[in-house]
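Raw contents of query-v3.txt, compact mmCIF, C-alpha atoms (C1' of nucleotides):
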# COMPACT_ATOMS: atom_id res chain seq x y z
CA MET A 1086 0.00 0.00 0.00
CA THR A 1087 1.02 3.64 0.14
CA VAL A 1088 2.90 4.97 -2.89
CA LYS A 1089 1.32 6.11 -6.08
CA SER A 1090 -2.30 6.66 -6.80
CA GLN A 1091 -3.38 4.87 -9.92
CA GLU A 1092 -5.54 7.17 -12.01
CA CYS A 1093 -3.82 8.19 -15.18
CA ARG A 1094 -2.86 11.78 -15.61
CA SER A 1095 -3.43 11.86 -19.35
CA ASP A 1096 -3.55 9.57 -22.35
CA CYS A 1097 0.13 10.20 -23.06
CA PRO A 1098 2.08 6.93 -22.89
CA ILE A 1099 5.03 8.76 -21.37
CA ALA A 1100 2.87 9.92 -18.50
CA TYR A 1101 1.54 6.39 -18.15
CA ALA A 1102 5.03 4.95 -18.01
CA LEU A 1103 6.19 7.53 -15.50
CA ASP A 1104 3.41 6.54 -13.16
CA PHE A 1105 5.29 3.24 -12.87
CA VAL A 1106 8.84 4.22 -13.37
CA GLY A 1107 8.97 7.85 -12.37
CA ASP A 1108 10.82 7.80 -9.09
CA LYS A 1109 14.29 7.46 -7.70
CA TRP A 1110 14.22 3.76 -6.82
CA THR A 1111 12.10 1.79 -9.26
CA LEU A 1112 14.60 1.68 -12.10
CA LEU A 1113 17.48 0.92 -9.75
CA VAL A 1114 15.70 -2.15 -8.46
CA LEU A 1115 14.91 -3.13 -12.04
CA ARG A 1116 18.56 -2.63 -12.92
CA ASP A 1117 19.51 -5.13 -10.22
CA LEU A 1118 16.73 -7.46 -11.25
CA ILE A 1119 17.49 -7.39 -14.96
CA LEU A 1120 21.15 -6.53 -15.42
CA SER A 1121 22.64 -7.96 -12.24
CA GLN A 1122 20.15 -10.82 -12.11
CA LYS A 1123 19.49 -10.39 -8.44
CA ARG A 1124 16.58 -12.39 -7.05
CA TYR A 1125 16.35 -12.08 -3.28
CA PHE A 1126 15.22 -9.30 -1.02
CA GLN A 1127 18.60 -9.23 0.68
CA GLU A 1128 20.40 -8.93 -2.62
CA PHE A 1129 18.46 -5.82 -3.59
CA LEU A 1130 18.98 -4.45 -0.12
CA ALA A 1131 22.73 -4.85 -0.46
CA SER A 1132 23.07 -2.50 -3.45
CA ASN A 1133 25.42 0.44 -3.24
CA GLU A 1134 22.60 2.94 -3.11
CA GLN A 1135 21.37 1.71 0.28
CA ILE A 1136 17.67 1.46 -0.34
CA ALA A 1137 15.63 1.26 2.86
CA SER A 1138 13.89 -2.05 3.48
CA ASN A 1139 10.42 -0.53 3.70
CA ILE A 1140 10.83 1.23 0.37
CA LEU A 1141 12.15 -1.91 -1.26
CA ALA A 1142 9.23 -3.91 0.11
CA SER A 1143 6.72 -1.37 -1.18
CA ARG A 1144 8.34 -1.34 -4.63
CA LEU A 1145 8.38 -5.11 -4.92
CA LYS A 1146 4.74 -5.23 -3.92
CA LEU A 1147 3.97 -2.59 -6.51
CA PHE A 1148 5.93 -4.48 -9.16
CA GLU A 1149 3.98 -7.59 -8.47
CA ARG A 1150 0.67 -5.80 -8.78
CA ALA A 1151 1.82 -4.11 -11.98
CA GLY A 1152 2.90 -7.41 -13.48
CA LEU A 1153 6.59 -6.55 -13.60
CA VAL A 1154 7.77 -9.39 -11.38
CA THR A 1155 6.54 -12.73 -10.22
CA ARG A 1156 7.00 -13.77 -6.63
CA ALA A 1157 7.74 -17.39 -5.74
CA ASP A 1158 8.82 -19.25 -2.62
CA ASP A 1159 12.29 -20.69 -2.82
CA PRO A 1160 11.94 -24.47 -2.65
CA GLU A 1161 15.44 -24.77 -1.23
CA HIS A 1162 15.09 -22.30 1.57
CA GLY A 1163 12.05 -21.85 3.76
CA ARG A 1164 11.23 -18.22 4.07
CA ARG A 1165 13.20 -17.04 1.08
CA VAL A 1166 11.35 -15.52 -1.86
CA ILE A 1167 12.49 -15.42 -5.46
CA TYR A 1168 11.62 -12.44 -7.60
CA THR A 1169 11.69 -12.89 -11.35
CA PRO A 1170 11.21 -10.20 -14.01
CA THR A 1171 8.36 -10.63 -16.48
CA GLU A 1172 8.42 -9.69 -20.16
CA LYS A 1173 6.89 -6.35 -19.24
CA ALA A 1174 9.90 -5.67 -17.03
CA LEU A 1175 12.42 -6.91 -19.57
CA ASP A 1176 10.86 -4.53 -22.09
CA LEU A 1177 12.18 -1.73 -19.90
CA LEU A 1178 15.74 -2.76 -20.66
CA PRO A 1179 16.09 -0.28 -23.55
CA VAL A 1180 14.94 2.50 -21.21
CA ILE A 1181 17.50 1.46 -18.62
CA LEU A 1182 20.28 1.31 -21.19
CA GLU A 1183 19.51 4.76 -22.57
CA ILE A 1184 19.52 6.14 -19.06
CA LEU A 1185 22.81 4.39 -18.45
CA ARG A 1186 24.23 5.90 -21.61
CA TRP A 1187 23.16 9.40 -20.64
CA GLY A 1188 24.42 8.99 -17.10
CA ALA A 1189 27.74 7.65 -18.31
CA LYS A 1190 28.15 10.64 -20.60
CA TYR A 1191 27.49 13.26 -17.96
CA ALA A 1192 28.33 11.69 -14.60
CA PRO A 1193 31.68 12.70 -13.13
CA GLU A 1194 32.46 9.12 -12.22
CA ASN A 1195 31.33 5.95 -13.91
CA GLY A 1196 31.39 2.75 -11.91
CA THR A 1197 30.00 0.59 -14.68
CA PRO A 1198 32.28 -2.25 -15.78
CA ALA A 1199 34.06 -1.08 -18.93
CA GLU A 1200 33.28 -4.34 -20.64
CA LEU A 1201 29.56 -3.84 -20.20
CA MET A 1202 29.78 -0.31 -21.55
CA ARG A 1203 31.71 -1.51 -24.54
CA SER A 1204 29.46 -4.38 -25.53
CA MET A 1205 26.42 -2.19 -25.06
CA LYS A 1206 27.71 0.59 -27.26
CA LYS A 1207 29.02 -1.74 -29.92
CA ASP A 1208 25.81 -3.65 -30.44
CA ARG A 1209 22.89 -2.44 -28.39
CA ASP A 1210 20.27 -4.73 -29.85
CA GLY A 1211 22.58 -7.71 -29.55
CA PHE A 1212 23.27 -6.86 -25.95
CA ILE A 1213 19.56 -6.62 -25.21
CA ALA A 1214 18.95 -9.98 -26.87
CA GLU A 1215 21.74 -11.49 -24.80
CA VAL A 1216 20.30 -10.26 -21.52
CA ARG A 1217 16.87 -11.53 -22.48
CA ALA A 1218 18.38 -14.89 -23.39
CA ARG A 1219 20.06 -15.15 -19.99
CA HIS A 1220 16.70 -14.69 -18.30
CA ALA A 1221 15.00 -17.14 -20.61
CA VAL A 1222 17.58 -19.80 -19.79
CA ARG A 1223 17.06 -19.21 -16.10
CA ARG A 1224 13.34 -19.60 -16.44
CA THR A 1225 13.57 -22.90 -18.28
CA VAL A 1226 16.13 -24.26 -15.81
CA ARG A 1227 13.78 -23.42 -12.99
CA ASP A 1228 10.70 -24.76 -14.71
CA ALA A 1229 12.47 -28.03 -15.40
CA ARG A 1230 12.52 -28.86 -11.71
CA MET B 904 15.73 25.22 -3.58
CA THR B 905 13.70 22.38 -2.12
CA VAL B 906 13.67 19.20 -4.18
CA LYS B 907 16.53 16.80 -4.41
CA SER B 908 19.65 16.76 -2.35
CA GLN B 909 22.71 16.58 -4.51
CA GLU B 910 25.16 14.05 -3.13
CA CYS B 911 25.38 11.02 -5.37
CA ARG B 912 24.08 7.76 -4.06
CA SER B 913 26.71 5.65 -5.81
CA ASP B 914 29.05 5.74 -8.77
CA CYS B 915 26.45 4.05 -10.98
CA PRO B 916 25.54 6.29 -13.90
CA ILE B 917 21.95 5.09 -13.71
CA ALA B 918 21.69 6.32 -10.14
CA TYR B 919 23.31 9.58 -11.21
CA ALA B 920 20.81 10.04 -14.02
CA LEU B 921 17.86 9.22 -11.79
CA ASP B 922 18.88 11.97 -9.41
CA PHE B 923 17.96 14.32 -12.26
CA VAL B 924 15.29 12.49 -14.06
CA GLY B 925 13.80 10.16 -11.47
CA ASP B 926 10.45 11.70 -10.71
CA LYS B 927 6.99 12.05 -12.15
CA TRP B 928 7.35 15.48 -13.73
CA THR B 929 10.84 16.08 -15.03
CA LEU B 930 10.59 13.98 -18.16
CA LEU B 931 7.12 15.29 -18.95
CA VAL B 932 8.42 18.84 -18.96
CA LEU B 933 11.33 17.72 -21.10
CA ARG B 934 8.89 16.01 -23.44
CA ASP B 935 7.11 19.34 -23.92
CA LEU B 936 10.39 21.17 -24.23
CA ILE B 937 11.94 18.80 -26.76
CA LEU B 938 9.17 17.05 -28.64
CA SER B 939 6.45 19.69 -28.53
CA GLN B 940 8.93 22.54 -28.67
CA LYS B 941 7.22 24.50 -25.94
CA ARG B 942 9.13 27.49 -24.62
CA TYR B 943 7.05 29.49 -22.17
CA PHE B 944 6.01 28.86 -18.60
CA GLN B 945 2.35 29.06 -19.57
CA GLU B 946 2.80 26.53 -22.34
CA PHE B 947 4.20 23.94 -19.94
CA LEU B 948 1.47 24.78 -17.47
CA ALA B 949 -1.18 24.09 -20.10
CA SER B 950 -0.20 20.43 -20.61
CA ASN B 951 -2.79 17.73 -20.16
CA GLU B 952 -1.20 16.45 -16.99
CA GLN B 953 -1.96 19.65 -15.07
CA ILE B 954 1.36 20.29 -13.41
CA ALA B 955 1.12 22.75 -10.53
CA SER B 956 2.83 26.07 -11.07
CA ASN B 957 5.10 25.75 -8.03
CA ILE B 958 6.34 22.35 -9.16
CA LEU B 959 6.94 23.60 -12.67
CA ALA B 960 8.85 26.58 -11.35
CA SER B 961 11.02 24.38 -9.15
CA ARG B 962 11.77 22.02 -12.03
CA LEU B 963 12.71 24.80 -14.41
CA LYS B 964 14.99 26.27 -11.78
CA LEU B 965 16.56 22.87 -11.28
CA PHE B 966 16.98 22.38 -15.02
CA GLU B 967 18.77 25.66 -15.30
CA ARG B 968 21.16 24.79 -12.51
CA ALA B 969 21.76 21.35 -14.00
CA GLY B 970 22.50 22.84 -17.41
CA LEU B 971 19.50 21.30 -19.13
CA VAL B 972 17.90 24.56 -20.20
CA THR B 973 18.90 28.12 -20.76
CA ARG B 974 16.68 30.91 -19.61
CA ALA B 975 16.36 34.10 -21.63
CA ASP B 976 14.09 37.10 -21.57
CA ASP B 977 11.82 37.37 -24.55
CA PRO B 978 12.83 40.52 -26.42
CA GLU B 979 9.33 40.81 -27.86
CA HIS B 980 7.42 40.58 -24.63
CA GLY B 981 8.43 42.14 -21.36
CA ARG B 982 7.99 39.67 -18.59
CA ARG B 983 8.01 36.57 -20.75
CA VAL B 984 10.85 34.10 -20.43
CA ILE B 985 12.06 31.68 -23.09
CA TYR B 986 13.33 28.29 -22.05
CA THR B 987 15.56 26.45 -24.49
CA PRO B 988 16.92 22.93 -24.17
CA THR B 989 20.68 22.44 -24.18
CA GLU B 990 22.58 19.55 -25.72
CA LYS B 991 22.51 17.80 -22.37
CA ALA B 992 18.73 17.88 -22.49
CA LEU B 993 18.51 16.83 -26.12
CA ASP B 994 20.69 13.85 -25.24
CA LEU B 995 17.77 12.64 -23.15
CA LEU B 996 15.65 12.24 -26.26
CA PRO B 997 16.53 8.53 -26.65
CA VAL B 998 15.46 7.97 -23.05
CA ILE B 999 12.17 9.73 -23.68
CA LEU B 1000 11.54 7.76 -26.85
CA GLU B 1001 12.17 4.41 -25.19
CA ILE B 1002 9.83 5.37 -22.39
CA LEU B 1003 7.28 6.38 -24.99
CA ARG B 1004 7.69 3.06 -26.72
CA TRP B 1005 7.21 1.09 -23.52
CA GLY B 1006 4.23 3.20 -22.48
CA ALA B 1007 2.63 2.82 -25.89
CA LYS B 1008 3.02 -0.94 -25.69
CA TYR B 1009 1.42 -1.32 -22.28
CA ALA B 1010 -0.87 1.68 -21.77
CA PRO B 1011 -4.56 1.01 -22.31
CA GLU B 1012 -4.92 4.19 -24.33
CA ASN B 1013 -2.40 5.92 -26.48
CA GLY B 1014 -2.90 9.59 -27.23
CA THR B 1015 0.28 9.99 -29.25
CA PRO B 1016 -0.24 11.09 -32.84
CA ALA B 1017 -0.05 7.94 -34.99
CA GLU B 1018 2.26 9.69 -37.40
CA LEU B 1019 4.81 10.36 -34.68
CA MET B 1020 4.67 6.74 -33.52
CA ARG B 1021 5.17 5.52 -37.06
CA SER B 1022 8.11 7.69 -37.96
CA MET B 1023 9.76 6.92 -34.65
CA LYS B 1024 9.43 3.18 -35.06
CA LYS B 1025 10.45 3.18 -38.67
CA ASP B 1026 13.69 5.05 -38.18
CA ARG B 1027 14.51 5.93 -34.61
CA ASP B 1028 17.91 7.45 -35.26
CA GLY B 1029 16.58 9.45 -38.16
CA PHE B 1030 13.74 10.73 -36.03
CA ILE B 1031 16.17 11.79 -33.32
CA ALA B 1032 18.32 13.59 -35.86
CA GLU B 1033 15.26 15.37 -37.18
CA VAL B 1034 14.20 16.63 -33.78
CA ARG B 1035 17.71 17.81 -33.05
CA ALA B 1036 17.78 19.59 -36.39
CA ARG B 1037 14.55 21.40 -35.59
CA HIS B 1038 16.08 22.75 -32.41
CA ALA B 1039 19.30 23.69 -34.15
CA VAL B 1040 17.38 25.70 -36.72
CA ARG B 1041 15.50 27.48 -33.98
CA ARG B 1042 18.69 28.41 -32.25
CA THR B 1043 20.29 29.89 -35.33
CA VAL B 1044 17.14 31.83 -36.19
CA ARG B 1045 17.16 33.31 -32.73
CA ASP B 1046 20.86 34.04 -32.70
CA ALA B 1047 20.57 35.83 -36.03
CA ARG B 1048 18.57 38.61 -34.44
C1' DG C 1249 -5.95 54.11 -15.99
C1' DA C 1250 -8.42 49.37 -15.97
C1' DG C 1251 -7.87 44.92 -17.05
C1' DA C 1252 -5.33 41.09 -18.97
C1' DT C 1253 -0.98 38.43 -19.30
C1' DT C 1254 3.10 36.54 -17.46
C1' DA C 1255 6.14 34.23 -14.32
C1' DC C 1256 6.36 33.15 -10.57
C1' DT C 1257 5.62 32.79 -4.70
C1' DT C 1258 3.28 31.55 -0.44
C1' DG C 1259 0.73 28.78 2.90
C1' DC C 1260 -1.00 24.64 4.26
C1' DA C 1261 -2.57 19.77 4.53
C1' DA C 1262 -1.62 15.30 2.93
C1' DA C 1263 1.45 11.99 1.01
C1' DC C 1264 5.87 10.11 0.82
C1' DC C 1265 10.67 9.14 2.19
C1' DG C 1266 14.53 7.63 5.19
C1' DC C 1267 16.12 5.84 9.29
C1' DA C 1268 16.13 2.73 13.17
C1' DA C 1269 14.16 -0.72 15.44
C1' DG C 1270 11.16 -4.65 15.81
C1' DT C 1271 8.59 -9.04 14.32
C1' DG C 1272 7.71 -13.64 13.20
C1' DA C 1273 8.69 -17.69 10.68
C1' DG C 1274 12.00 -20.98 9.29
C1' DT C 1275 17.19 -22.90 9.53
C1' DA C 1276 21.61 -24.30 11.34
C1' DT C 1277 24.35 -25.46 15.41
C1' DA C 1278 25.25 -27.66 19.93
C1' DT D 1173 15.83 -28.72 23.09
C1' DA D 1174 17.88 -24.43 23.28
C1' DT D 1175 20.21 -20.75 21.05
C1' DA D 1176 21.50 -18.03 17.60
C1' DC D 1177 20.96 -16.74 12.95
C1' DT D 1178 18.69 -15.80 8.37
C1' DC D 1179 15.13 -13.82 5.85
C1' DA D 1180 11.35 -10.96 4.45
C1' DC D 1181 9.22 -7.97 5.80
C1' DT D 1182 6.50 -4.13 9.28
C1' DT D 1183 6.15 -0.20 12.44
C1' DG D 1184 6.88 4.43 14.23
C1' DC D 1185 8.32 8.84 13.59
C1' DG D 1186 10.40 13.18 12.00
C1' DG D 1187 11.45 15.56 7.96
C1' DT D 1188 10.82 16.51 3.05
C1' DT D 1189 8.07 16.86 -1.05
C1' DT D 1190 3.80 17.25 -3.35
C1' DG D 1191 -0.67 19.22 -4.72
C1' DC D 1192 -3.98 22.73 -4.41
C1' DA D 1193 -5.57 27.41 -4.02
C1' DA D 1194 -4.60 31.85 -3.70
C1' DG D 1195 -1.70 35.84 -4.08
C1' DT D 1196 1.94 39.09 -6.13
C1' DA D 1197 4.52 42.06 -9.01
C1' DA D 1198 5.85 43.51 -13.45
C1' DT D 1199 4.61 44.32 -18.00
C1' DC D 1200 1.31 44.83 -22.04
C1' DT D 1201 -3.31 46.04 -24.26
C1' DC D 1202 -7.06 48.90 -24.74
Encoding of this model in structure tokens:
Amino acid sequence: MTVKSQECRSDCPIAYALDFVGDKWTLLVLRDLILSQKRYFQEFLASNEQIASNILASRLKLFERAGLVTRADDPEHGRRVIYTPTEKALDLLPVILEILRWGAKYAPENGTPAELMRSMKKDRDGFIAEVRARHAVRRTVRDAR
Amino acid sequence: MTVKSQECRSDCPIAYALDFVGDKWTLLVLRDLILSQKRYFQEFLASNEQIASNILASRLKLFERAGLVTRADDPEHGRRVIYTPTEKALDLLPVILEILRWGAKYAPENGTPAELMRSMKKDRDGFIAEVRARHAVRRTVRDAR
DNA sequence: GAGATTACTTGCAAACCGCAAGTGAGTATA
DNA sequence: TATACTCACTTGCGGTTTGCAAGTAATCTC
């Protein structure tokens, strides 16, 4: 609960998208979820940006309601929960990459691995396909059990 | 003043970018500034999303400090102010377009002119170049006076 | 000089954020 | 069986930000 009322401000798709994505934390969590392939609450919590646990919890709840992640109990560990990005979330990858590109151009310091920057600049669409493939593999491995 | 403290949360360029762009209004104002070529306070205020005048004022002030817009008095009209996007702002166009694309895919209603959607999908880079060219022309016209 | 236009500012209540601490269920260790 | 630990949250609270309505001061129009 709390966070974000859900009437749309206009019929502009940008406004619609910003109702999901327009805040300081959402895209950072999605970055961890999609690019770093984090899955557990504690993993997100451990990011450099020091997100507070209540904010993280509210975002994950929101994501679930918005169909951006699925929530599943970890069969190997009692209370642990596994968060997995849906297609709708993976479709935000281009947004994240363009933001990364802009940030990298103007930020005084860039902590992104040089290799990632390189392969993203060299072949953006290929890079996106690769990331999607990684998640697809994960899903099938999990479903096979 | 108010809005956004300015220490960086990490060395991640995404986090850096979100400190500018991570809220519900910033990118909407930039949409108007860049895509709709709005220039005056009242024009931004008149958008469908009904931004409040104090929020708009604080954003424009922030933009100026961040080097996203330049502020100039209108020579033709006393108290009127002209806001113009800088290169740094125009570099956010790819971000805006990807957000538009995602929003258009998932929003129930899409109020974006079909023509704009088409030309953007058909040739994204060309579209970006076109928008940039429009702003460049404007600048030279203005500077010629 | 009266009224409109323009770019803001101010005041205030409600929502949201950030921090610190707590909770309750399951897990590993002795 | 007891103890400590892991894990995913929740709670409480003070401070910041937002959203709304109204106001202000400088220009322009008539």
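Of the listed residues B:Ile1031, B:Leu931, B:Leu1000, B:Leu936, the one whose atoms come nearest to Glu952 (chain B) is B:Leu931, with distances taken using all atoms listed in the file.
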Next on the checklist: I'd like the contact shell of DT1196 (chain D) - 10 Å cut-off, only C-alpha atoms (C1' of nucleotides), skipping same-chain residues fewer than 2 positions apart - returned as a PyMOL selection string.
Outcome noted: (chain C and resi 1256-1258) or (chain D and resi 1198)
Checklist entry - Got a sec to pull out which chain A residues are within 8 Å of chain B, counting all atoms listed in the file, and send them as a ChimeraX atom specification? => result /A:1094-1104,1106-1110,1113,1133-1135,1176-1177,1179-1181,1183-1189,1192,1194-1197
Checklist entry - Taking all atoms listed in the file into account, which residues of chain C are within 9 Å of chain A, as a list in words? => result DA1263, DC1264, DC1265, DG1266, DC1267, DA1273, DG1274 and DT1275 of chain C
Next on the checklist: What does the structure give for the distance between CA of Phe947 (chain B) and CA of Leu965 (chain B), in Å to one decimal?
Outcome noted: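 CA of Phe947 (chain B) sits 15.1 Å away from CA of Leu965 (chain B).
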Leaving out DA1176 (chain D) and any residue of its chain fewer than 3 positions from it, which residues lie within 12 Å of it when counting all atoms listed in the file, given as a PDB file with C-alpha atoms (C1' of nucleotides), in the frame of the given file?
ATOM      1  C1'  DT C1275      17.190 -22.900   9.530  1.00  0.00           C
ATOM      2  C1'  DA C1276      21.610 -24.300  11.340  1.00  0.00           C
ATOM      3  C1'  DT C1277      24.350 -25.460  15.410  1.00  0.00           C
ATOM      4  C1'  DA C1278      25.250 -27.660  19.930  1.00  0.00           C
TER       5       DA C1278
END
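The protein and nucleic acid residues lying at most 12 Å from DG1251 (chain C) are DC1200, DT1201 and DC1202 of chain D, with all atoms listed in the file considered and sequence neighbours fewer than 3 positions away removed.
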Each residue of chain D lying at most 10 Å from chain A should get a row with its shortest atom-to-atom pair and the distance in Å to one decimal, counting all atoms listed in the file; could you produce that, ordered by chain and increasing number, as a Markdown table?
| residue | atom | partner | partner_atom | distance |
| --- | --- | --- | --- | --- |
| D:DT1178 | C1' | A:Arg1164 | CA | 8.9 |
| D:DC1179 | C1' | A:Arg1165 | CA | 6.1 |
| D:DA1180 | C1' | A:Phe1126 | CA | 6.9 |
| D:DC1181 | C1' | A:Ala1142 | CA | 7.0 |
| D:DT1182 | C1' | A:Asn1139 | CA | 7.7 |
| D:DT1183 | C1' | A:Asn1139 | CA | 9.7 |
Resulting file, chosen residues, C-alpha atoms (C1' of nucleotides), as an mmCIF file, keeping the file's coordinate frame:
data_model
loop_
_atom_site.group_PDB
_atom_site.id
_atom_site.type_symbol
_atom_site.label_atom_id
_atom_site.label_comp_id
_atom_site.auth_asym_id
_atom_site.auth_seq_id
_atom_site.Cartn_x
_atom_site.Cartn_y
_atom_site.Cartn_z
ATOM 1 C "C1'" DT D 1178 18.690 -15.800 8.370
ATOM 2 C "C1'" DC D 1179 15.130 -13.820 5.850
ATOM 3 C "C1'" DA D 1180 11.350 -10.960 4.450
ATOM 4 C "C1'" DC D 1181 9.220 -7.970 5.800
ATOM 5 C "C1'" DT D 1182 6.500 -4.130 9.280
ATOM 6 C "C1'" DT D 1183 6.150 -0.200 12.440
#
Checklist outcome for this item: In Å and to one decimal, C1' of DG1259 (chain C) is distant from CA of Asp935 (chain B) by 29.1 Å
Checklist entry - CA of Ala1221 (chain A) and CA of Ile1119 (chain A), how far apart in Å? => result 11.5 Å
Exercise on region 1200-1213 of chain A, axis-aligned box with 6 Å per side, report centre and edge lengths in Å to one decimal, as JSON:
{"center_x": 26.4, "center_y": -3.6, "center_z": -25.3, "size_x": 25.7, "size_y": 20.3, "size_z": 22.2}
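Neighbours of Thr973 (chain B) closer than or equal to 8 Å, with only C-alpha atoms (C1' of nucleotides) counted and sequence neighbours fewer than 2 positions away skipped, come out as Glu967, Gly970, Leu971, Ala975, Tyr986, Thr987, Pro988 and Thr989 of chain B.
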